[in-house]
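Novice: Below is work.cif; it holds mmCIF, N, CA and C atoms.
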```
data_target
loop_
_atom_site.group_PDB
_atom_site.id
_atom_site.type_symbol
_atom_site.label_atom_id
_atom_site.label_comp_id
_atom_site.auth_asym_id
_atom_site.auth_seq_id
_atom_site.Cartn_x
_atom_site.Cartn_y
_atom_site.Cartn_z
ATOM 1 N N MET A 1 14.252 -19.576 7.888
ATOM 2 C CA MET A 1 12.832 -19.342 8.044
ATOM 3 C C MET A 1 12.623 -18.137 8.959
ATOM 4 N N LEU A 2 11.617 -17.381 8.681
ATOM 5 C CA LEU A 2 11.324 -16.206 9.495
ATOM 6 C C LEU A 2 10.688 -16.620 10.816
ATOM 7 N N ASN A 3 11.103 -15.950 11.891
ATOM 8 C CA ASN A 3 10.434 -16.230 13.154
ATOM 9 C C ASN A 3 9.145 -15.413 13.237
ATOM 10 N N ARG A 4 8.420 -15.574 14.305
ATOM 11 C CA ARG A 4 7.094 -14.957 14.434
ATOM 12 C C ARG A 4 7.151 -13.429 14.391
ATOM 13 N N GLY A 5 8.151 -12.819 15.025
ATOM 14 C CA GLY A 5 8.289 -11.369 15.022
ATOM 15 C C GLY A 5 8.610 -10.839 13.637
ATOM 16 N N ASP A 6 9.493 -11.555 12.907
ATOM 17 C CA ASP A 6 9.827 -11.139 11.547
ATOM 18 C C ASP A 6 8.617 -11.243 10.623
ATOM 19 N N ARG A 7 7.813 -12.261 10.820
ATOM 20 C CA ARG A 7 6.604 -12.404 9.998
ATOM 21 C C ARG A 7 5.620 -11.271 10.253
ATOM 22 N N LYS A 8 5.495 -10.872 11.503
ATOM 23 C CA LYS A 8 4.586 -9.767 11.827
ATOM 24 C C LYS A 8 5.066 -8.462 11.200
ATOM 25 N N THR A 9 6.374 -8.190 11.268
ATOM 26 C CA THR A 9 6.876 -6.957 10.668
ATOM 27 C C THR A 9 6.769 -7.010 9.147
ATOM 28 N N ALA A 10 6.989 -8.167 8.558
ATOM 29 C CA ALA A 10 6.834 -8.294 7.105
ATOM 30 C C ALA A 10 5.376 -8.094 6.700
ATOM 31 N N LEU A 11 4.461 -8.645 7.468
ATOM 32 C CA LEU A 11 3.035 -8.467 7.186
ATOM 33 C C LEU A 11 2.627 -6.999 7.337
ATOM 34 N N LEU A 12 3.166 -6.328 8.352
ATOM 35 C CA LEU A 12 2.885 -4.908 8.535
ATOM 36 C C LEU A 12 3.404 -4.093 7.349
ATOM 37 N N ALA A 13 4.615 -4.394 6.897
ATOM 38 C CA ALA A 13 5.184 -3.677 5.756
ATOM 39 C C ALA A 13 4.340 -3.887 4.502
ATOM 40 N N LEU A 14 3.932 -5.113 4.252
ATOM 41 C CA LEU A 14 3.093 -5.387 3.083
ATOM 42 C C LEU A 14 1.732 -4.718 3.199
ATOM 43 N N THR A 15 1.177 -4.704 4.387
ATOM 44 C CA THR A 15 -0.124 -4.062 4.594
ATOM 45 C C THR A 15 -0.049 -2.556 4.352
ATOM 46 N N LEU A 16 1.067 -1.947 4.683
ATOM 47 C CA LEU A 16 1.233 -0.514 4.468
ATOM 48 C C LEU A 16 1.612 -0.166 3.029
ATOM 49 N N LEU A 17 2.159 -1.123 2.301
ATOM 50 C CA LEU A 17 2.663 -0.826 0.967
ATOM 51 C C LEU A 17 1.730 -1.241 -0.156
ATOM 52 N N VAL A 18 1.229 -2.448 -0.124
ATOM 53 C CA VAL A 18 0.498 -3.017 -1.257
ATOM 54 C C VAL A 18 -0.757 -2.234 -1.646
ATOM 55 N N PRO A 19 -1.608 -1.817 -0.718
ATOM 56 C CA PRO A 19 -2.826 -1.118 -1.138
ATOM 57 C C PRO A 19 -2.598 0.298 -1.675
ATOM 58 N N ALA A 20 -1.400 0.847 -1.514
ATOM 59 C CA ALA A 20 -1.160 2.243 -1.887
ATOM 60 C C ALA A 20 -1.413 2.501 -3.365
ATOM 61 N N ALA A 21 -0.977 1.619 -4.235
ATOM 62 C CA ALA A 21 -1.176 1.828 -5.673
ATOM 63 C C ALA A 21 -2.659 1.832 -6.021
ATOM 64 N N SER A 22 -3.401 0.885 -5.499
ATOM 65 C CA SER A 22 -4.836 0.821 -5.781
ATOM 66 C C SER A 22 -5.579 2.021 -5.205
ATOM 67 N N ILE A 23 -5.202 2.433 -4.012
ATOM 68 C CA ILE A 23 -5.849 3.596 -3.396
ATOM 69 C C ILE A 23 -5.612 4.836 -4.245
ATOM 70 N N GLY A 24 -4.393 5.017 -4.706
ATOM 71 C CA GLY A 24 -4.084 6.177 -5.532
ATOM 72 C C GLY A 24 -4.845 6.194 -6.843
ATOM 73 N N ILE A 25 -4.935 5.064 -7.489
ATOM 74 C CA ILE A 25 -5.652 4.988 -8.765
ATOM 75 C C ILE A 25 -7.147 5.197 -8.558
ATOM 76 N N ILE A 26 -7.706 4.528 -7.568
ATOM 77 C CA ILE A 26 -9.147 4.657 -7.311
ATOM 78 C C ILE A 26 -9.496 6.095 -6.921
ATOM 79 N N ALA A 27 -8.671 6.703 -6.099
ATOM 80 C CA ALA A 27 -8.944 8.086 -5.692
ATOM 81 C C ALA A 27 -8.828 9.040 -6.873
ATOM 82 N N GLY A 28 -7.807 8.856 -7.691
ATOM 83 C CA GLY A 28 -7.593 9.750 -8.813
ATOM 84 C C GLY A 28 -8.624 9.619 -9.910
ATOM 85 N N LEU A 29 -9.166 8.422 -10.089
ATOM 86 C CA LEU A 29 -10.095 8.209 -11.197
ATOM 87 C C LEU A 29 -11.564 8.212 -10.790
ATOM 88 N N TYR A 30 -11.889 7.713 -9.606
ATOM 89 C CA TYR A 30 -13.293 7.492 -9.266
ATOM 90 C C TYR A 30 -13.793 8.307 -8.075
ATOM 91 N N ILE A 31 -13.085 8.268 -6.960
ATOM 92 C CA ILE A 31 -13.590 8.887 -5.744
ATOM 93 C C ILE A 31 -13.544 10.407 -5.835
ATOM 94 N N ALA A 32 -12.390 10.952 -6.210
ATOM 95 C CA ALA A 32 -12.232 12.404 -6.309
ATOM 96 C C ALA A 32 -11.440 12.721 -7.569
ATOM 97 N N PRO A 33 -12.092 12.709 -8.738
ATOM 98 C CA PRO A 33 -11.344 12.853 -9.983
ATOM 99 C C PRO A 33 -10.740 14.233 -10.219
ATOM 100 N N GLY A 34 -10.874 15.151 -9.306
ATOM 101 C CA GLY A 34 -10.315 16.490 -9.464
ATOM 102 C C GLY A 34 -8.911 16.584 -8.893
ATOM 103 N N SER A 35 -8.598 17.765 -8.399
ATOM 104 C CA SER A 35 -7.254 18.015 -7.886
ATOM 105 C C SER A 35 -6.959 17.225 -6.609
ATOM 106 N N TRP A 36 -7.965 16.989 -5.766
ATOM 107 C CA TRP A 36 -7.738 16.209 -4.546
ATOM 108 C C TRP A 36 -7.360 14.770 -4.872
ATOM 109 N N GLY A 37 -8.051 14.199 -5.837
ATOM 110 C CA GLY A 37 -7.739 12.833 -6.238
ATOM 111 C C GLY A 37 -6.358 12.720 -6.851
ATOM 112 N N GLN A 38 -5.987 13.701 -7.665
ATOM 113 C CA GLN A 38 -4.653 13.699 -8.260
ATOM 114 C C GLN A 38 -3.575 13.877 -7.197
ATOM 115 N N THR A 39 -3.851 14.725 -6.226
ATOM 116 C CA THR A 39 -2.897 14.924 -5.133
ATOM 117 C C THR A 39 -2.708 13.637 -4.341
ATOM 118 N N LEU A 40 -3.803 12.962 -4.030
ATOM 119 C CA LEU A 40 -3.705 11.694 -3.313
ATOM 120 C C LEU A 40 -2.988 10.647 -4.156
ATOM 121 N N SER A 41 -3.237 10.643 -5.452
ATOM 122 C CA SER A 41 -2.564 9.706 -6.344
ATOM 123 C C SER A 41 -1.056 9.941 -6.356
ATOM 124 N N VAL A 42 -0.641 11.190 -6.433
ATOM 125 C CA VAL A 42 0.794 11.513 -6.404
ATOM 126 C C VAL A 42 1.387 11.132 -5.049
ATOM 127 N N PHE A 43 0.663 11.404 -3.963
ATOM 128 C CA PHE A 43 1.142 11.022 -2.640
ATOM 129 C C PHE A 43 1.354 9.512 -2.555
ATOM 130 N N CYS A 44 0.424 8.733 -3.106
ATOM 131 C CA CYS A 44 0.557 7.275 -3.082
ATOM 132 C C CYS A 44 1.750 6.809 -3.909
ATOM 133 N N GLN A 45 2.026 7.474 -5.022
ATOM 134 C CA GLN A 45 3.189 7.115 -5.834
ATOM 135 C C GLN A 45 4.487 7.421 -5.098
ATOM 136 N N VAL A 46 4.521 8.565 -4.424
ATOM 137 C CA VAL A 46 5.697 8.904 -3.627
ATOM 138 C C VAL A 46 5.854 7.907 -2.484
ATOM 139 N N TRP A 47 4.747 7.508 -1.873
ATOM 140 C CA TRP A 47 4.758 6.514 -0.801
ATOM 141 C C TRP A 47 5.364 5.191 -1.291
ATOM 142 N N LEU A 48 5.009 4.780 -2.512
ATOM 143 C CA LEU A 48 5.539 3.538 -3.063
ATOM 144 C C LEU A 48 7.052 3.599 -3.266
ATOM 145 N N LEU A 49 7.580 4.786 -3.452
ATOM 146 C CA LEU A 49 9.018 4.946 -3.619
ATOM 147 C C LEU A 49 9.734 5.112 -2.279
ATOM 148 N N VAL A 50 9.187 5.945 -1.406
ATOM 149 C CA VAL A 50 9.887 6.318 -0.176
ATOM 150 C C VAL A 50 9.725 5.277 0.928
ATOM 151 N N PHE A 51 8.558 4.663 1.033
ATOM 152 C CA PHE A 51 8.298 3.732 2.147
ATOM 153 C C PHE A 51 9.288 2.567 2.207
ATOM 154 N N PRO A 52 9.563 1.852 1.098
ATOM 155 C CA PRO A 52 10.529 0.748 1.212
ATOM 156 C C PRO A 52 11.931 1.203 1.618
ATOM 157 N N ILE A 53 12.333 2.390 1.155
ATOM 158 C CA ILE A 53 13.649 2.906 1.542
ATOM 159 C C ILE A 53 13.667 3.219 3.035
ATOM 160 N N ALA A 54 12.634 3.919 3.511
ATOM 161 C CA ALA A 54 12.565 4.255 4.933
ATOM 162 C C ALA A 54 12.474 3.002 5.797
ATOM 163 N N TRP A 55 11.716 2.008 5.347
ATOM 164 C CA TRP A 55 11.590 0.756 6.107
ATOM 165 C C TRP A 55 12.946 0.072 6.218
ATOM 166 N N SER A 56 13.686 0.020 5.121
ATOM 167 C CA SER A 56 15.000 -0.615 5.144
ATOM 168 C C SER A 56 15.947 0.090 6.096
ATOM 169 N N VAL A 57 15.905 1.414 6.126
ATOM 170 C CA VAL A 57 16.836 2.168 6.950
ATOM 171 C C VAL A 57 16.432 2.147 8.418
ATOM 172 N N PHE A 58 15.158 2.396 8.706
ATOM 173 C CA PHE A 58 14.743 2.590 10.094
ATOM 174 C C PHE A 58 14.271 1.320 10.797
ATOM 175 N N VAL A 59 13.680 0.379 10.077
ATOM 176 C CA VAL A 59 13.172 -0.836 10.730
ATOM 177 C C VAL A 59 14.173 -1.978 10.596
ATOM 178 N N ASP A 60 14.620 -2.229 9.370
ATOM 179 C CA ASP A 60 15.574 -3.329 9.151
ATOM 180 C C ASP A 60 17.006 -2.947 9.494
ATOM 181 N N ARG A 61 17.262 -1.652 9.712
ATOM 182 C CA ARG A 61 18.580 -1.134 10.081
ATOM 183 C C ARG A 61 19.652 -1.504 9.049
ATOM 184 N N GLU A 62 19.285 -1.406 7.776
ATOM 185 C CA GLU A 62 20.243 -1.691 6.714
ATOM 186 C C GLU A 62 20.866 -0.393 6.229
ATOM 187 N N LYS A 63 22.105 -0.488 5.790
ATOM 188 C CA LYS A 63 22.800 0.665 5.262
ATOM 189 C C LYS A 63 22.503 0.765 3.766
ATOM 190 N N LEU A 64 22.142 1.970 3.318
ATOM 191 C CA LEU A 64 21.868 2.169 1.903
ATOM 192 C C LEU A 64 23.169 2.232 1.129
ATOM 193 N N SER A 65 23.174 1.608 -0.029
ATOM 194 C CA SER A 65 24.352 1.679 -0.885
ATOM 195 C C SER A 65 23.910 1.611 -2.340
ATOM 196 N N LEU A 66 24.599 2.338 -3.164
ATOM 197 C CA LEU A 66 24.353 2.327 -4.596
ATOM 198 C C LEU A 66 25.602 1.796 -5.287
ATOM 199 N N SER A 67 25.403 1.000 -6.304
ATOM 200 C CA SER A 67 26.540 0.474 -7.046
ATOM 201 C C SER A 67 26.338 0.733 -8.537
ATOM 202 N N ILE A 68 27.424 0.911 -9.224
ATOM 203 C CA ILE A 68 27.369 1.121 -10.667
ATOM 204 C C ILE A 68 27.095 -0.233 -11.319
ATOM 205 N N PRO A 69 26.116 -0.285 -12.249
ATOM 206 C CA PRO A 69 25.826 -1.568 -12.876
ATOM 207 C C PRO A 69 26.985 -2.054 -13.745
ATOM 208 N N LYS A 70 27.117 -3.367 -13.802
ATOM 209 C CA LYS A 70 28.160 -3.977 -14.621
ATOM 210 C C LYS A 70 27.727 -3.979 -16.081
ATOM 211 N N ARG A 71 28.661 -4.207 -16.959
ATOM 212 C CA ARG A 71 28.394 -4.195 -18.396
ATOM 213 C C ARG A 71 27.325 -5.223 -18.772
ATOM 214 N N GLN A 72 27.384 -6.405 -18.176
ATOM 215 C CA GLN A 72 26.410 -7.459 -18.478
ATOM 216 C C GLN A 72 25.007 -7.047 -18.024
ATOM 217 N N GLU A 73 24.906 -6.374 -16.881
ATOM 218 C CA GLU A 73 23.602 -5.909 -16.404
ATOM 219 C C GLU A 73 23.036 -4.813 -17.297
ATOM 220 N N LEU A 74 23.898 -3.904 -17.763
ATOM 221 C CA LEU A 74 23.448 -2.869 -18.691
ATOM 222 C C LEU A 74 22.977 -3.474 -20.009
ATOM 223 N N LEU A 75 23.707 -4.457 -20.497
ATOM 224 C CA LEU A 75 23.321 -5.119 -21.743
ATOM 225 C C LEU A 75 21.968 -5.808 -21.593
ATOM 226 N N ALA A 76 21.757 -6.472 -20.474
ATOM 227 C CA ALA A 76 20.461 -7.115 -20.230
ATOM 228 C C ALA A 76 19.351 -6.075 -20.168
ATOM 229 N N GLY A 77 19.609 -4.940 -19.547
ATOM 230 C CA GLY A 77 18.617 -3.871 -19.480
ATOM 231 C C GLY A 77 18.292 -3.315 -20.853
ATOM 232 N N TYR A 78 19.312 -3.115 -21.682
ATOM 233 C CA TYR A 78 19.083 -2.622 -23.040
ATOM 234 C C TYR A 78 18.265 -3.612 -23.857
ATOM 235 N N ILE A 79 18.614 -4.885 -23.757
ATOM 236 C CA ILE A 79 17.897 -5.913 -24.534
ATOM 237 C C ILE A 79 16.439 -5.969 -24.105
ATOM 238 N N TRP A 80 16.176 -6.008 -22.788
ATOM 239 C CA TRP A 80 14.793 -6.039 -22.315
ATOM 240 C C TRP A 80 14.037 -4.770 -22.673
ATOM 241 N N GLY A 81 14.721 -3.632 -22.615
ATOM 242 C CA GLY A 81 14.087 -2.369 -22.980
ATOM 243 C C GLY A 81 13.681 -2.339 -24.445
ATOM 244 N N ILE A 82 14.568 -2.791 -25.316
ATOM 245 C CA ILE A 82 14.244 -2.841 -26.744
ATOM 246 C C ILE A 82 13.124 -3.837 -26.997
ATOM 247 N N TRP A 83 13.152 -4.968 -26.312
ATOM 248 C CA TRP A 83 12.094 -5.966 -26.459
ATOM 249 C C TRP A 83 10.742 -5.402 -26.034
ATOM 250 N N MET A 84 10.700 -4.717 -24.903
ATOM 251 C CA MET A 84 9.439 -4.131 -24.428
ATOM 252 C C MET A 84 8.959 -3.024 -25.367
ATOM 253 N N LEU A 85 9.880 -2.234 -25.920
ATOM 254 C CA LEU A 85 9.506 -1.219 -26.895
ATOM 255 C C LEU A 85 8.876 -1.868 -28.120
ATOM 256 N N ALA A 86 9.453 -2.970 -28.579
ATOM 257 C CA ALA A 86 8.897 -3.678 -29.742
ATOM 258 C C ALA A 86 7.503 -4.216 -29.438
ATOM 259 N N VAL A 87 7.312 -4.755 -28.248
ATOM 260 C CA VAL A 87 5.991 -5.273 -27.867
ATOM 261 C C VAL A 87 4.972 -4.142 -27.813
ATOM 262 N N ILE A 88 5.345 -3.017 -27.192
ATOM 263 C CA ILE A 88 4.423 -1.889 -27.087
ATOM 264 C C ILE A 88 4.071 -1.352 -28.465
ATOM 265 N N LEU A 89 5.066 -1.162 -29.322
ATOM 266 C CA LEU A 89 4.795 -0.660 -30.670
ATOM 267 C C LEU A 89 3.975 -1.651 -31.488
ATOM 268 N N GLY A 90 4.243 -2.945 -31.313
ATOM 269 C CA GLY A 90 3.464 -3.960 -32.019
ATOM 270 C C GLY A 90 2.002 -3.962 -31.600
ATOM 271 N N ILE A 91 1.757 -3.895 -30.312
ATOM 272 C CA ILE A 91 0.376 -3.865 -29.830
ATOM 273 C C ILE A 91 -0.311 -2.575 -30.258
ATOM 274 N N TYR A 92 0.418 -1.468 -30.229
ATOM 275 C CA TYR A 92 -0.159 -0.198 -30.655
ATOM 276 C C TYR A 92 -0.525 -0.247 -32.141
ATOM 277 N N SER A 93 0.356 -0.792 -32.967
ATOM 278 C CA SER A 93 0.052 -0.860 -34.401
ATOM 279 C C SER A 93 -1.118 -1.801 -34.671
ATOM 280 N N LEU A 94 -1.220 -2.880 -33.916
ATOM 281 C CA LEU A 94 -2.372 -3.772 -34.068
ATOM 282 C C LEU A 94 -3.659 -3.088 -33.638
ATOM 283 N N SER A 95 -3.582 -2.294 -32.578
ATOM 284 C CA SER A 95 -4.789 -1.606 -32.127
ATOM 285 C C SER A 95 -5.222 -0.545 -33.133
ATOM 286 N N GLN A 96 -4.279 0.049 -33.846
ATOM 287 C CA GLN A 96 -4.622 1.027 -34.869
ATOM 288 C C GLN A 96 -5.208 0.352 -36.102
ATOM 289 N N LYS A 97 -4.710 -0.846 -36.398
ATOM 290 C CA LYS A 97 -5.188 -1.584 -37.562
ATOM 291 C C LYS A 97 -6.587 -2.135 -37.336
ATOM 292 N N TYR A 98 -6.829 -2.671 -36.157
ATOM 293 C CA TYR A 98 -8.115 -3.274 -35.819
ATOM 294 C C TYR A 98 -8.820 -2.431 -34.766
ATOM 295 N N GLU A 99 -9.185 -1.222 -35.098
ATOM 296 C CA GLU A 99 -9.834 -0.329 -34.129
ATOM 297 C C GLU A 99 -11.165 -0.923 -33.704
ATOM 298 N N VAL A 100 -11.389 -0.858 -32.409
ATOM 299 C CA VAL A 100 -12.621 -1.404 -31.846
ATOM 300 C C VAL A 100 -13.602 -0.286 -31.604
#
```
Could you render the structure from this file as structure tokens?

Specialist:
Amino acid sequence: MLNRGDRKTALLALTLLVPAASIGIIAGLYIAPGSWGQTLSVFCQVWLLVFPIAWSVFVDREKLSLSIPKRQELLAGYIWGIWMLAVILGIYSLSQKYEV
């Protein structure tokens, strides 16, 4: 179980991370739909990628490591990828057939 200090740091990390996607989308589409909004949207996307890595290295003091995926993991990725492609193409073809 997390102690009180760990809960506070986890809450801080979530507070800094979770709203970033919504802020980027809202800024890019509604608040400033021009170049400023797009710039803020790209910044928020970069934040979603870089912040968890920086948090792991500097706050949690974890060492970064990359590993080559195993054959079973690659196979699972291929199967899920093909499945998602089929779902996307199926929904797209249905939307073309029944245009609203």

Novice: Interatomic distance between atom C of A:Leu74 and atom N of A:Ala86?

Specialist: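 Rounded to one decimal, the two atoms are 16.0 Å apart.
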
Novice: So how many Å separate atom N of A:Pro19 and atom N of A:Ile31, to one decimal?

Specialist: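 Separation between atom N of A:Pro19 and atom N of A:Ile31: 16.5 Å.
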
Novice: Among chain A, which ones does DSSP assign to helix (DSSP H, G or I) (computed from the backbone)? Answer as number ranges by chain.

Specialist: A: 4-17, 19-31, 35-58, 71-97

Novice: Determine the residue membership of the PyMOL selection byres ((chain A and resi 20) around 8) for the file above and supply it as a list in words.

Specialist: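 Taken over the shown coordinates, the PyMOL selection byres ((chain A and resi 20) around 8) returns Leu14, Thr15, Leu16, Leu17, Val18, Pro19, Ala21, Ser22, Ile23, Gly24, Ile25, Ile26, Ser41, Phe43, Cys44, Gln45, Trp47 and Leu48 of chain A.
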
Novice: Pick from A:Ile91, A:Ala54, A:Glu73, A:Gly28: nearest to A:Val42, with all atoms listed in the file counted?

Specialist: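 Among the listed residues, the smallest separation from A:Val42 belongs to A:Gly28.
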
Novice: Which residue, A:Gly37, A:Val87, A:Ala13, A:Glu99, has the smallest gap to A:Val59 when you use only C-alpha atoms?

Specialist: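 Of A:Gly37, A:Val87, A:Ala13, A:Glu99, the one nearest A:Val59, counting only C-alpha atoms, is A:Ala13.
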
Novice: Is it possible to get the axis-aligned box enclosing stretch 43-53 of chain A (all listed atoms, 5 Å extra per side) as AutoDock Vina command-line options, with centre and edge lengths in Å rounded to one decimal?

Specialist:
```
--center_x 7.0 --center_y 6.1 --center_z -1.4 --size_x 23.2 --size_y 20.7 --size_z 18.9
```

Novice: So the first atom is atom CA of A:Gly77 and the second is atom CA of A:Leu89; what is the distance between them in Å, to one decimal place?

Specialist: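 A separation of 18.1 Å between them.
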
Novice: Which residue, A:Phe51, A:Leu40, A:Leu75, A:Asp60, has the smallest gap to A:Asp6 when you use only C-alpha atoms?

Specialist: A:Asp60

Novice: Taking the block just given, write stretch 42-51 of chain A to a file that holds all heavy atoms, as a PDB file, in the first residue's frame.

Specialist:
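And here is the file that came out, result27.pdb:
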```pdb
ATOM      1  N   VAL A  42       0.576  20.792 -29.844  1.00  0.00           N
ATOM      2  CA  VAL A  42       1.807  20.009 -30.034  1.00  0.00           C
ATOM      3  C   VAL A  42       2.605  19.967 -28.733  1.00  0.00           C
ATOM      4  O   VAL A  42       3.142  18.914 -28.359  1.00  0.00           O
ATOM      5  CB  VAL A  42       2.646  20.591 -31.192  1.00  0.00           C
ATOM      6  CG1 VAL A  42       4.047  19.994 -31.223  1.00  0.00           C
ATOM      7  CG2 VAL A  42       1.941  20.364 -32.513  1.00  0.00           C
ATOM      8  N   PHE A  43       2.685  21.094 -28.025  1.00  0.00           N
ATOM      9  CA  PHE A  43       3.386  21.116 -26.747  1.00  0.00           C
ATOM     10  C   PHE A  43       2.760  20.126 -25.768  1.00  0.00           C
ATOM     11  O   PHE A  43       3.475  19.411 -25.061  1.00  0.00           O
ATOM     12  CB  PHE A  43       3.376  22.524 -26.151  1.00  0.00           C
ATOM     13  CG  PHE A  43       3.958  22.587 -24.773  1.00  0.00           C
ATOM     14  CD1 PHE A  43       5.330  22.531 -24.584  1.00  0.00           C
ATOM     15  CD2 PHE A  43       3.137  22.684 -23.660  1.00  0.00           C
ATOM     16  CE1 PHE A  43       5.878  22.571 -23.318  1.00  0.00           C
ATOM     17  CE2 PHE A  43       3.673  22.722 -22.383  1.00  0.00           C
ATOM     18  CZ  PHE A  43       5.047  22.667 -22.210  1.00  0.00           C
ATOM     19  N   CYS A  44       1.430  20.070 -25.723  1.00  0.00           N
ATOM     20  CA  CYS A  44       0.749  19.137 -24.822  1.00  0.00           C
ATOM     21  C   CYS A  44       1.015  17.689 -25.212  1.00  0.00           C
ATOM     22  O   CYS A  44       1.176  16.822 -24.351  1.00  0.00           O
ATOM     23  CB  CYS A  44      -0.746  19.422 -24.797  1.00  0.00           C
ATOM     24  SG  CYS A  44      -1.174  20.935 -23.917  1.00  0.00           S
ATOM     25  N   GLN A  45       1.105  17.404 -26.504  1.00  0.00           N
ATOM     26  CA  GLN A  45       1.413  16.044 -26.947  1.00  0.00           C
ATOM     27  C   GLN A  45       2.834  15.652 -26.563  1.00  0.00           C
ATOM     28  O   GLN A  45       3.082  14.516 -26.129  1.00  0.00           O
ATOM     29  CB  GLN A  45       1.199  15.921 -28.448  1.00  0.00           C
ATOM     30  CG  GLN A  45      -0.254  15.994 -28.846  1.00  0.00           C
ATOM     31  CD  GLN A  45      -0.443  16.015 -30.346  1.00  0.00           C
ATOM     32  OE1 GLN A  45       0.496  15.866 -31.105  1.00  0.00           O
ATOM     33  NE2 GLN A  45      -1.671  16.213 -30.777  1.00  0.00           N
ATOM     34  N   VAL A  46       3.761  16.589 -26.720  1.00  0.00           N
ATOM     35  CA  VAL A  46       5.138  16.326 -26.307  1.00  0.00           C
ATOM     36  C   VAL A  46       5.197  16.132 -24.794  1.00  0.00           C
ATOM     37  O   VAL A  46       5.909  15.255 -24.293  1.00  0.00           O
ATOM     38  CB  VAL A  46       6.071  17.475 -26.763  1.00  0.00           C
ATOM     39  CG1 VAL A  46       7.452  17.358 -26.146  1.00  0.00           C
ATOM     40  CG2 VAL A  46       6.156  17.502 -28.280  1.00  0.00           C
ATOM     41  N   TRP A  47       4.434  16.924 -24.053  1.00  0.00           N
ATOM     42  CA  TRP A  47       4.358  16.800 -22.598  1.00  0.00           C
ATOM     43  C   TRP A  47       3.877  15.400 -22.194  1.00  0.00           C
ATOM     44  O   TRP A  47       4.408  14.801 -21.264  1.00  0.00           O
ATOM     45  CB  TRP A  47       3.423  17.870 -22.051  1.00  0.00           C
ATOM     46  CG  TRP A  47       3.230  17.844 -20.564  1.00  0.00           C
ATOM     47  CD1 TRP A  47       2.183  17.292 -19.888  1.00  0.00           C
ATOM     48  CD2 TRP A  47       4.100  18.382 -19.572  1.00  0.00           C
ATOM     49  NE1 TRP A  47       2.346  17.463 -18.543  1.00  0.00           N
ATOM     50  CE2 TRP A  47       3.519  18.131 -18.316  1.00  0.00           C
ATOM     51  CE3 TRP A  47       5.302  19.056 -19.629  1.00  0.00           C
ATOM     52  CZ2 TRP A  47       4.119  18.530 -17.132  1.00  0.00           C
ATOM     53  CZ3 TRP A  47       5.891  19.450 -18.442  1.00  0.00           C
ATOM     54  CH2 TRP A  47       5.301  19.188 -17.218  1.00  0.00           C
ATOM     55  N   LEU A  48       2.880  14.873 -22.913  1.00  0.00           N
ATOM     56  CA  LEU A  48       2.361  13.546 -22.605  1.00  0.00           C
ATOM     57  C   LEU A  48       3.410  12.455 -22.822  1.00  0.00           C
ATOM     58  O   LEU A  48       3.363  11.405 -22.190  1.00  0.00           O
ATOM     59  CB  LEU A  48       1.128  13.240 -23.456  1.00  0.00           C
ATOM     60  CG  LEU A  48      -0.132  13.988 -23.084  1.00  0.00           C
ATOM     61  CD1 LEU A  48      -1.224  13.746 -24.125  1.00  0.00           C
ATOM     62  CD2 LEU A  48      -0.628  13.561 -21.717  1.00  0.00           C
ATOM     63  N   LEU A  49       4.356  12.706 -23.696  1.00  0.00           N
ATOM     64  CA  LEU A  49       5.418  11.739 -23.944  1.00  0.00           C
ATOM     65  C   LEU A  49       6.595  11.927 -22.988  1.00  0.00           C
ATOM     66  O   LEU A  49       7.092  10.962 -22.407  1.00  0.00           O
ATOM     67  CB  LEU A  49       5.913  11.864 -25.391  1.00  0.00           C
ATOM     68  CG  LEU A  49       7.087  10.976 -25.774  1.00  0.00           C
ATOM     69  CD1 LEU A  49       6.673   9.515 -25.757  1.00  0.00           C
ATOM     70  CD2 LEU A  49       7.619  11.370 -27.121  1.00  0.00           C
ATOM     71  N   VAL A  50       7.017  13.168 -22.791  1.00  0.00           N
ATOM     72  CA  VAL A  50       8.247  13.439 -22.046  1.00  0.00           C
ATOM     73  C   VAL A  50       8.034  13.420 -20.536  1.00  0.00           C
ATOM     74  O   VAL A  50       8.904  12.953 -19.787  1.00  0.00           O
ATOM     75  CB  VAL A  50       8.852  14.793 -22.500  1.00  0.00           C
ATOM     76  CG1 VAL A  50      10.017  15.208 -21.633  1.00  0.00           C
ATOM     77  CG2 VAL A  50       9.260  14.702 -23.955  1.00  0.00           C
ATOM     78  N   PHE A  51       6.898  13.908 -20.066  1.00  0.00           N
ATOM     79  CA  PHE A  51       6.677  14.026 -18.612  1.00  0.00           C
ATOM     80  C   PHE A  51       6.793  12.693 -17.871  1.00  0.00           C
ATOM     81  O   PHE A  51       7.490  12.631 -16.850  1.00  0.00           O
ATOM     82  CB  PHE A  51       5.333  14.691 -18.323  1.00  0.00           C
ATOM     83  CG  PHE A  51       5.027  14.792 -16.860  1.00  0.00           C
ATOM     84  CD1 PHE A  51       5.677  15.711 -16.070  1.00  0.00           C
ATOM     85  CD2 PHE A  51       4.108  13.939 -16.268  1.00  0.00           C
ATOM     86  CE1 PHE A  51       5.411  15.800 -14.706  1.00  0.00           C
ATOM     87  CE2 PHE A  51       3.836  14.013 -14.917  1.00  0.00           C
ATOM     88  CZ  PHE A  51       4.497  14.946 -14.132  1.00  0.00           C
TER      89      PHE A  51
END
```
